[in-house]
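J.: Pasting work-v3.cif below, which is mmCIF, C-alpha atoms and all ligand atoms.
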data_work
#
loop_
_atom_site.label_atom_id
_atom_site.label_comp_id
_atom_site.auth_asym_id
_atom_site.auth_seq_id
_atom_site.Cartn_x
_atom_site.Cartn_y
_atom_site.Cartn_z
CA MET Q 15 -7.97 -4.76 23.31
CA ALA Q 16 -11.41 -3.87 24.66
CA ALA Q 17 -14.64 -5.90 24.40
CA PRO Q 18 -16.24 -6.30 20.94
CA SER Q 19 -18.48 -3.45 19.74
CA GLU Q 20 -20.07 -3.17 16.29
CA PRO Q 21 -18.67 -0.40 14.09
CA GLU Q 22 -21.21 1.70 12.21
CA VAL Q 23 -21.16 0.86 8.48
CA ILE Q 24 -21.32 3.97 6.28
CA ARG Q 25 -21.73 3.68 2.50
CA ASP Q 26 -22.44 7.24 1.47
CA LYS Q 27 -19.81 9.97 1.02
CA ALA Q 28 -21.90 12.79 2.49
CA ALA Q 29 -22.91 10.65 5.48
CA MET Q 30 -19.24 9.79 6.09
CA ARG Q 31 -18.18 13.44 6.02
CA ALA Q 32 -21.04 14.43 8.35
CA TRP Q 33 -20.12 11.58 10.75
CA SER Q 34 -16.49 12.77 10.97
CA ARG Q 35 -17.51 16.40 11.49
CA ARG Q 36 -19.84 15.40 14.32
CA ARG Q 37 -17.08 13.41 16.01
CA ARG Q 38 -14.64 16.28 15.72
CA ALA Q 39 -17.23 18.69 17.14
CA GLU Q 40 -17.44 16.30 20.13
CA GLY Q 41 -13.71 16.87 20.66
CA LYS Q 42 -12.56 13.53 19.21
CA THR Q 43 -9.53 12.94 17.03
CA VAL Q 44 -10.59 11.26 13.78
CA ALA Q 45 -8.03 8.56 12.95
CA PHE Q 46 -8.28 6.81 9.60
CA VAL Q 47 -7.04 3.43 8.29
CA PRO Q 48 -7.60 2.97 4.53
CA THR Q 49 -7.75 -0.66 3.34
CA MET Q 50 -8.96 -2.81 0.50
CA GLY Q 51 -10.50 -5.37 2.88
CA PHE Q 52 -9.87 -9.13 3.39
CA LEU Q 53 -8.36 -8.04 6.67
CA HIS Q 54 -5.55 -9.76 8.56
CA GLU Q 55 -3.32 -9.02 11.56
CA GLY Q 56 -1.33 -6.50 9.51
CA HIS Q 57 -4.43 -4.35 9.05
CA LEU Q 58 -5.40 -4.75 12.71
CA SER Q 59 -1.95 -3.52 13.73
CA LEU Q 60 -2.71 -0.30 11.83
CA VAL Q 61 -5.91 0.05 13.87
CA SER Q 62 -3.85 -0.33 17.07
CA ALA Q 63 -1.35 2.24 15.77
CA ALA Q 64 -4.24 4.63 15.03
CA ALA Q 65 -5.61 4.18 18.56
CA ALA Q 66 -2.15 4.69 20.07
CA ALA Q 67 -1.60 7.88 18.05
CA CYS Q 68 -4.70 9.61 19.46
CA ALA Q 69 -3.77 11.44 22.65
CA GLY Q 70 -7.37 12.00 23.87
CA PRO Q 71 -10.78 10.62 22.80
CA ALA Q 72 -10.62 8.96 19.38
CA ALA Q 73 -13.01 8.14 16.54
CA ILE Q 74 -11.35 5.43 14.44
CA VAL Q 75 -12.56 4.90 10.86
CA VAL Q 76 -11.48 2.00 8.63
CA SER Q 77 -12.32 2.16 4.93
CA ILE Q 78 -12.86 -1.00 2.92
CA TYR Q 79 -12.79 -0.18 -0.76
CA VAL Q 80 -11.08 -2.01 -3.61
CA ASN Q 81 -10.05 0.98 -5.65
CA PRO Q 82 -10.39 0.26 -9.39
CA SER Q 83 -8.23 3.19 -10.46
CA GLN Q 84 -5.05 1.57 -9.14
CA PHE Q 85 -5.54 -1.53 -11.32
CA ALA Q 86 -4.64 -1.71 -15.00
CA PRO Q 87 -6.98 -3.88 -17.10
CA THR Q 88 -4.23 -6.59 -17.12
CA GLU Q 89 -4.21 -6.79 -13.29
CA ASP Q 90 -6.24 -8.66 -10.70
CA LEU Q 91 -9.16 -6.40 -9.78
CA ALA Q 92 -11.68 -9.11 -10.66
CA THR Q 93 -10.05 -11.69 -8.39
CA TYR Q 94 -9.10 -9.47 -5.46
CA PRO Q 95 -10.14 -11.41 -2.31
CA SER Q 96 -12.97 -10.15 -0.15
CA ASP Q 97 -14.89 -11.17 2.99
CA PHE Q 98 -16.88 -8.19 4.22
CA ALA Q 99 -18.70 -10.07 7.00
CA GLY Q 100 -15.40 -11.50 8.29
CA ASP Q 101 -13.80 -8.05 8.12
CA LEU Q 102 -16.59 -6.55 10.21
CA ARG Q 103 -16.20 -9.31 12.82
CA LYS Q 104 -12.46 -8.68 13.08
CA LEU Q 105 -12.92 -4.93 13.38
CA ALA Q 106 -15.65 -5.35 16.00
CA ALA Q 107 -13.33 -7.60 18.00
CA THR Q 108 -10.76 -4.80 18.29
CA GLY Q 109 -13.32 -2.85 20.31
CA VAL Q 110 -11.92 0.46 19.07
CA VAL Q 111 -13.25 0.92 15.52
CA ALA Q 112 -16.22 3.32 15.48
CA ALA Q 113 -17.03 3.32 11.75
CA VAL Q 114 -16.36 1.37 8.57
CA PHE Q 115 -16.59 3.36 5.34
CA SER Q 116 -17.43 1.02 2.48
CA PRO Q 117 -18.75 2.95 -0.54
CA PRO Q 118 -20.13 1.06 -3.56
CA ASP Q 119 -18.16 3.25 -6.00
CA LEU Q 120 -16.17 6.45 -5.59
CA TYR Q 121 -15.90 7.45 -9.25
CA PHE Q 122 -17.93 9.21 -11.89
CA ARG Q 123 -17.86 6.70 -14.74
CA GLY Q 124 -19.28 8.84 -17.54
CA SER Q 125 -20.93 7.81 -20.76
CA ALA Q 126 -17.79 6.65 -22.58
CA ARG Q 127 -17.29 3.54 -20.42
CA ARG Q 128 -15.96 0.75 -22.60
CA PRO Q 129 -18.50 -2.07 -23.08
CA ALA Q 130 -17.53 -5.72 -22.57
CA ASP Q 131 -16.38 -7.46 -25.75
CA ALA Q 132 -18.08 -10.48 -27.27
CA SER Q 133 -16.34 -12.87 -24.85
CA GLY Q 134 -17.56 -10.82 -21.93
CA ASN Q 135 -14.03 -9.58 -21.18
CA GLY Q 136 -14.29 -5.82 -21.15
CA ALA Q 137 -11.46 -3.78 -19.70
CA ILE Q 138 -11.73 -4.23 -15.94
CA SER Q 139 -10.22 -0.91 -15.01
CA CYS Q 140 -8.26 1.42 -15.17
CA LEU Q 141 -11.81 2.65 -14.49
CA ASP Q 142 -12.70 0.59 -17.55
CA GLU Q 143 -10.61 2.97 -19.64
CA ALA Q 144 -12.76 5.92 -18.61
CA GLY Q 145 -13.13 8.77 -21.04
CA GLY Q 146 -15.71 11.31 -22.13
CA ASP Q 147 -17.37 12.79 -19.06
CA GLY Q 148 -15.94 10.13 -16.71
CA HIS Q 149 -13.22 10.58 -14.09
CA GLU Q 150 -10.26 12.53 -15.49
CA THR Q 151 -8.50 14.19 -12.55
CA TRP Q 152 -5.37 12.47 -11.28
CA ILE Q 153 -2.69 13.05 -8.67
CA ARG Q 154 0.84 12.08 -9.68
CA VAL Q 155 3.73 12.11 -7.25
CA GLU Q 156 6.08 12.34 -10.16
CA GLN Q 157 9.49 11.29 -8.87
CA LEU Q 158 8.62 8.86 -6.06
CA GLU Q 159 6.26 6.88 -8.26
CA LYS Q 160 9.17 5.98 -10.57
CA GLY Q 161 10.78 2.57 -10.16
CA LEU Q 162 10.06 -0.38 -7.82
CA CYS Q 163 6.30 -1.12 -7.92
CA GLY Q 164 5.79 1.82 -10.26
CA SER Q 165 7.82 0.03 -12.97
CA SER Q 166 5.61 -3.05 -13.07
CA ARG Q 167 2.30 -1.31 -12.32
CA PRO Q 168 2.15 1.82 -14.49
CA VAL Q 169 -1.16 3.23 -13.21
CA PHE Q 170 -0.85 1.99 -9.63
CA PHE Q 171 0.52 5.00 -7.74
CA ARG Q 172 -1.54 7.48 -9.75
CA GLY Q 173 -4.64 5.55 -8.65
CA VAL Q 174 -3.46 5.22 -5.04
CA ALA Q 175 -2.61 8.92 -4.64
CA THR Q 176 -5.90 9.92 -6.26
CA VAL Q 177 -8.14 7.64 -4.20
CA VAL Q 178 -6.32 8.46 -0.96
CA ALA Q 179 -6.85 12.19 -1.69
CA LYS Q 180 -10.53 11.45 -2.36
CA LEU Q 181 -10.81 9.45 0.87
CA PHE Q 182 -9.07 12.24 2.79
CA ASN Q 183 -11.60 14.74 1.39
CA ILE Q 184 -14.50 12.49 2.40
CA VAL Q 185 -13.34 11.23 5.80
CA GLU Q 186 -11.50 14.43 6.74
CA PRO Q 187 -9.25 12.66 9.27
CA ASP Q 188 -6.74 14.25 11.64
CA ILE Q 189 -4.48 11.20 11.45
CA ALA Q 190 -4.10 8.45 8.83
CA VAL Q 191 -2.10 5.22 9.15
CA PHE Q 192 -0.36 3.31 6.34
CA GLY Q 193 1.72 0.13 6.47
CA LYS Q 194 5.43 0.17 5.72
CA LYS Q 195 4.91 -3.15 3.96
CA ASP Q 196 3.90 -0.92 1.04
CA TYR Q 197 6.93 1.26 1.61
CA GLN Q 198 6.83 3.20 -1.65
CA GLN Q 199 3.09 3.82 -1.22
CA TRP Q 200 3.66 5.19 2.31
CA ARG Q 201 6.41 7.55 1.12
CA ILE Q 202 4.22 8.73 -1.77
CA ILE Q 203 1.32 9.53 0.56
CA CYS Q 204 3.64 11.48 2.89
CA ARG Q 205 4.92 13.48 -0.08
CA MET Q 206 1.42 14.15 -1.42
CA VAL Q 207 0.27 15.36 2.02
CA ARG Q 208 3.27 17.67 2.25
CA ASP Q 209 3.00 19.02 -1.29
CA LEU Q 210 -0.77 19.55 -1.32
CA ASP Q 211 -1.05 20.88 2.26
CA PHE Q 212 -3.41 18.26 3.64
CA ALA Q 213 -3.72 18.97 7.39
CA ILE Q 214 -3.34 15.28 8.21
CA GLU Q 215 -0.63 13.53 10.23
CA ILE Q 216 0.57 10.42 8.38
CA ILE Q 217 1.82 7.50 10.46
CA GLY Q 218 3.90 4.66 9.00
CA SER Q 219 3.29 1.38 10.79
CA GLU Q 220 5.75 -1.52 10.97
CA ILE Q 221 5.38 -4.75 8.96
CA VAL Q 222 3.53 -7.67 10.56
CA ARG Q 223 4.78 -11.08 9.45
CA GLU Q 224 3.60 -14.69 9.39
CA ALA Q 225 5.50 -17.21 11.56
CA ASP Q 226 7.70 -18.17 8.56
CA GLY Q 227 8.71 -14.53 7.96
CA LEU Q 228 6.44 -13.74 5.03
CA ALA Q 229 4.80 -10.32 5.33
CA MET Q 230 1.06 -10.69 5.85
CA SER Q 231 -0.80 -9.63 2.73
CA SER Q 232 -4.37 -10.17 1.52
CA ARG Q 233 -3.16 -11.65 -1.76
CA ASN Q 234 -1.04 -14.30 0.02
CA VAL Q 235 -4.13 -16.53 -0.22
CA HIS Q 236 -3.34 -16.86 -3.93
CA LEU Q 237 0.17 -18.28 -3.26
CA SER Q 238 0.72 -22.01 -3.68
CA CYS Q 239 3.14 -23.80 -1.32
CA GLY Q 240 5.86 -23.74 -3.98
CA GLU Q 241 5.36 -20.06 -4.70
CA ARG Q 242 5.52 -19.28 -1.01
CA GLN Q 243 8.86 -21.13 -0.73
CA LYS Q 244 10.27 -19.12 -3.64
CA VAL Q 245 9.17 -15.86 -2.05
CA LEU Q 246 10.76 -16.89 1.25
CA HIS Q 247 14.06 -17.71 -0.53
CA LEU Q 248 14.02 -14.26 -2.05
CA LEU Q 249 13.30 -12.69 1.34
CA LYS Q 250 16.25 -14.58 2.88
CA LEU Q 251 18.59 -13.45 0.12
CA LEU Q 252 17.53 -9.80 0.45
CA THR Q 253 17.94 -9.99 4.22
CA PHE Q 254 21.44 -11.44 3.76
CA ILE Q 255 22.38 -8.69 1.30
CA TYR Q 256 21.05 -6.05 3.67
CA PHE Q 257 23.06 -7.30 6.65
CA PHE Q 258 26.19 -7.91 4.57
CA PHE Q 259 26.30 -4.36 3.23
CA SER Q 260 24.93 -2.51 6.21
CA ARG Q 261 27.53 -4.07 8.55
CA SER Q 262 30.62 -4.17 6.39
CA ARG Q 263 30.24 -1.13 4.15
CA ARG Q 264 28.17 1.52 5.87
CA PRO Q 265 31.00 3.69 7.35
CA SER Q 266 32.69 4.47 4.07
CA LEU Q 267 29.59 5.04 1.99
CA SER Q 268 27.53 7.74 3.60
CA GLY Q 269 27.18 11.24 2.17
CA SER Q 270 27.64 10.52 -1.51
CA SER Q 271 25.39 13.17 -3.04
CA ARG Q 272 25.85 11.77 -6.51
CA SER Q 273 24.51 8.30 -5.70
CA ARG Q 274 21.79 9.72 -3.43
CA ARG Q 275 20.30 11.50 -6.40
CA SER Q 276 19.89 8.28 -8.38
CA SER Q 277 16.59 7.16 -6.80
CA PRO Q 278 14.30 9.39 -4.77
CA LEU Q 279 13.18 6.43 -2.66
CA LEU Q 280 16.72 5.66 -1.61
CA THR Q 281 17.23 9.16 -0.25
CA GLN Q 282 15.04 8.55 2.79
CA PRO Q 283 17.14 8.86 5.95
CA SER Q 284 15.80 5.57 7.33
CA LEU Q 285 17.43 3.58 4.54
CA PRO Q 286 20.95 2.34 5.09
CA ALA Q 287 23.65 4.33 3.39
CA ALA Q 288 25.13 1.04 2.24
CA LEU Q 289 22.35 0.60 -0.28
CA HIS Q 290 23.26 3.87 -2.00
CA SER Q 291 26.64 2.67 -3.17
CA SER Q 292 27.28 1.69 -6.75
CA ARG Q 293 28.94 -1.48 -5.46
CA SER Q 294 25.87 -2.67 -3.56
CA ARG Q 295 23.69 -1.68 -6.49
CA CYS Q 296 25.79 -3.95 -8.74
CA PHE Q 297 25.42 -6.75 -6.20
CA LEU Q 298 21.66 -6.26 -5.93
CA GLU Q 299 21.35 -6.07 -9.71
CA GLY Q 300 23.33 -9.34 -10.02
CA ALA Q 301 21.16 -11.02 -7.39
CA ARG Q 302 18.04 -9.80 -9.15
CA TRP Q 303 19.32 -11.22 -12.43
CA LEU Q 304 20.12 -14.59 -10.80
CA LEU Q 305 16.72 -14.70 -9.11
CA LEU Q 306 14.67 -13.47 -12.03
CA PRO Q 307 13.60 -16.95 -13.23
CA SER Q 308 12.18 -17.83 -9.81
CA VAL Q 309 10.56 -14.41 -9.42
CA GLU Q 310 8.95 -14.71 -12.83
CA GLY Q 311 7.93 -18.25 -11.95
CA VAL Q 312 6.03 -16.93 -8.98
CA ALA Q 313 4.54 -14.04 -10.95
CA GLY Q 314 3.54 -16.30 -13.80
CA GLY Q 315 1.76 -18.63 -11.43
CA PHE Q 316 -0.90 -16.04 -10.71
CA SER Q 317 -3.98 -15.63 -12.80
CA SER Q 318 -3.40 -11.93 -13.36
CA PRO Q 319 0.26 -10.91 -13.32
CA PRO Q 320 2.10 -8.63 -12.82
CA ARG Q 321 2.27 -8.76 -9.03
CA LYS Q 322 3.82 -6.21 -6.73
CA ALA Q 323 7.51 -6.25 -6.03
CA HIS Q 324 6.94 -6.27 -2.28
CA THR Q 325 4.80 -9.40 -2.51
CA MET Q 326 7.52 -11.05 -4.56
CA ALA Q 327 10.01 -10.08 -1.91
CA GLY Q 328 7.88 -11.26 0.97
CA GLY Q 329 7.35 -7.69 2.11
CA PHE Q 330 11.06 -6.96 2.49
CA SER Q 331 11.79 -3.44 3.59
CA PHE Q 332 14.88 -1.74 4.90
CA PRO Q 333 15.76 -2.41 7.63
CA PRO Q 334 14.16 -5.87 7.77
CA ARG Q 335 12.31 -6.77 10.94
N1 LIG R 401 1.69 -7.18 6.96
C1 LIG R 401 1.40 -5.88 7.07
N2 LIG R 401 2.02 -5.13 8.01
C2 LIG R 401 1.75 -3.80 8.11
N3 LIG R 401 0.87 -3.14 7.34
C3 LIG R 401 0.23 -3.84 6.40
C4 LIG R 401 0.43 -5.25 6.23
N4 LIG R 401 -0.36 -5.68 5.22
C5 LIG R 401 -1.04 -4.60 4.78
N5 LIG R 401 -0.69 -3.50 5.48
C6 LIG R 401 -1.17 -2.14 5.26
O1 LIG R 401 -2.58 -2.13 5.30
C7 LIG R 401 -3.07 -1.09 4.45
C8 LIG R 401 -4.11 -1.67 3.55
O2 LIG R 401 -3.50 -2.61 2.70
P1 LIG R 401 -4.31 -3.59 1.74
O3 LIG R 401 -5.74 -3.56 2.12
O4 LIG R 401 -3.91 -3.37 0.34
O5 LIG R 401 -3.81 -5.02 2.24
P2 LIG R 401 -2.60 -5.86 1.74
O6 LIG R 401 -2.46 -7.02 2.64
O7 LIG R 401 -1.45 -4.91 1.58
O8 LIG R 401 -3.10 -6.38 0.36
P3 LIG R 401 -2.27 -6.78 -0.92
O9 LIG R 401 -2.08 -8.24 -0.82
O10 LIG R 401 -3.17 -6.34 -1.99
O11 LIG R 401 -0.98 -6.00 -0.88
C9 LIG R 401 -1.87 -0.55 3.69
O12 LIG R 401 -1.44 0.66 4.32
C10 LIG R 401 -0.85 -1.65 3.86
O13 LIG R 401 0.49 -1.19 3.78
C1 LIG R 402 -4.03 2.81 0.32
C2 LIG R 402 -5.07 1.94 -0.41
C3 LIG R 402 -6.23 1.63 0.53
C4 LIG R 402 -5.63 2.79 -1.57
O1 LIG R 402 -6.58 2.06 -2.28
C5 LIG R 402 -4.45 0.67 -0.96
O2 LIG R 402 -3.48 0.94 -1.92
C6 LIG R 402 -3.94 -0.24 0.12
O3 LIG R 402 -4.79 -0.90 0.73
O4 LIG R 402 -2.73 -0.31 0.37
N1 LIG R 403 -1.54 -2.75 -0.55
C1 LIG R 403 -1.40 -2.44 -1.95
C2 LIG R 403 -2.68 -2.48 -2.72
C3 LIG R 403 -2.51 -2.97 -4.14
O1 LIG R 403 -1.59 -3.72 -4.43
O2 LIG R 403 -3.31 -2.67 -5.04
#
Would you write out, as structure tokens, the structure that this file holds?
T.:
Amino acid sequence: MAAPSEPEVIRDKAAMRAWSRRRRAEGKTVAFVPTMGFLHEGHLSLVSAAAAACAGPAAIVVSIYVNPSQFAPTEDLATYPSDFAGDLRKLAATGVVAAVFSPPDLYFRGSARRPADASGNGAISCLDEAGGDGHETWIRVEQLEKGLCGSSRPVFFRGVATVVAKLFNIVEPDIAVFGKKDYQQWRIICRMVRDLDFAIEIIGSEIVREADGLAMSSRNVHLSCGERQKVLHLLKLLTFIYFFFSRSRRPSLSGSSRSRRSSPLLTQPSLPAALHSSRSRCFLEGARWLLLPSVEGVAGGFSSPPRKAHTMAGGFSFPPR
């Protein structure tokens, strides 16, 4: 990549929107990478994908915002890792990021915000249980948010879809890039953009992994050595199941409309037909049951479970890379 150059840091919504409009008036494509910060090579690969997707002159914007509305009060908002100065250095080193949008807060909190209790432990999101005249407008992608991460994190995808829509309205990008590590999230954003007529091209970018195969993820810093080993075992098992079924069963299993209806996520054409069969579902269910103690062991080891399924699975997606 090119020589380091400092991105402009923008904190204000109106200033961000004005910045994007100026760039577009100059004939640039505004390409957007939303993140929650504590950046690693996975995030930087999205920046490269954004640069590659712009045919002509580009204005690349990265947002760094830990969105409270995707965290339930039982989750880890308070301990989410951050290193803003380090993030800026990494983005500057890419030489292609023109602006970093890092707002202090994107929500109207209202007067009914729940106060901290005597021990100082108030609800830390979902928007501190906002009510009254606080934020009350939500986007739900009703079918795709069911299952997988949606099962263990009940407010997660509602918060993601809502904040991404807010960010799209503020940044007004032409292109936005999301990682396939968060596969369900990527599919949900694509569906929201289609259903609500956002004039934005969504790009899904491939998973970047550590040398041992674990998908890079900001929260990996919270994993102990033992937890990491358990996650890697799970990743190996899933990879084995994938290859076993995709090689030996695929030809006879495609085109079953009945099984394709069972989960909206599994109807994406990029997923192997093998995984739609009732037989492979039984196998996966059995494996999940056998592995549950180790998965729960990993989840229980964190200060604020539940964790995301993809982190448990080492960022496994279909097909594995
Ligand atoms: N290893 C990776 N490969 C590709 N994309 C990634 C990777 N890690 C994160 N991304 C993408 O970067 C974007 C921002 O993600 P985020 O800031 O939540 O980081 P994260 O590493 O996914 O954090 P977390 O540990 O909370 O999942 C998302 O679109 C996500 O899918
Ligand atoms: C898309 C996102 C930035 C919304 O907060 C977040 O869920 C993430 O980083 O994957
Ligand atoms: N990359 C997903 C963000 C989250 O887990 O909240």
J.: Could you list, as a PyMOL selection string, all residues that come within 7 Å of ligand LIG 401 (chain R)? Count all atoms listed in the file.
T.: chain Q and resi 48-51+53+56-57+59-60+191-196+219-223+229-234+325
J.: I'd like the neighbourhood of Q:Ala73 as a ChimeraX atom specification, where a residue qualifies if any of its atoms comes within 8 Å (using only C-alpha atoms), though same-chain residues fewer than 2 positions away should be ignored.
T.: /Q:37,42-45,71,75,111-113
J.: Could you check which of Q:Phe115, Q:Gln198, Q:Asn81, Q:Gly148 is closest to Q:Val177, using all atoms listed in the file?
T.: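 Among Q:Phe115, Q:Gln198, Q:Asn81, Q:Gly148, it is Q:Asn81 that comes nearest to Q:Val177.
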J.: By how many Å are atom CA of Q:Asp147 and atom CA of Q:Phe171 apart?
T.: 22.6 Å
J.: Work out how far atom CA of Q:Ile202 is from atom CA of Q:Asp26, in Å to one decimal.
T.: 26.9 Å
J.: Go through Q:Pro117, Q:Pro87, Q:Pro82, Q:Gly124 one by one, measure the shortest atom-to-atom distance of each to ligand LIG 403 (chain R) using all atoms listed in the file, and give the residue with the smallest value.
T.: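 Distance minimum relative to ligand LIG 403 (chain R) lands on Q:Pro82.
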J.: For each of Q:His247, Q:Gln199, Q:Phe46, Q:Val185, take the minimum atom-to-atom distance to Q:Leu162, counting only C-alpha atoms, then give the residue where this is smallest.
T.: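 Among Q:His247, Q:Gln199, Q:Phe46, Q:Val185, it is Q:Gln199 that comes nearest to Q:Leu162.
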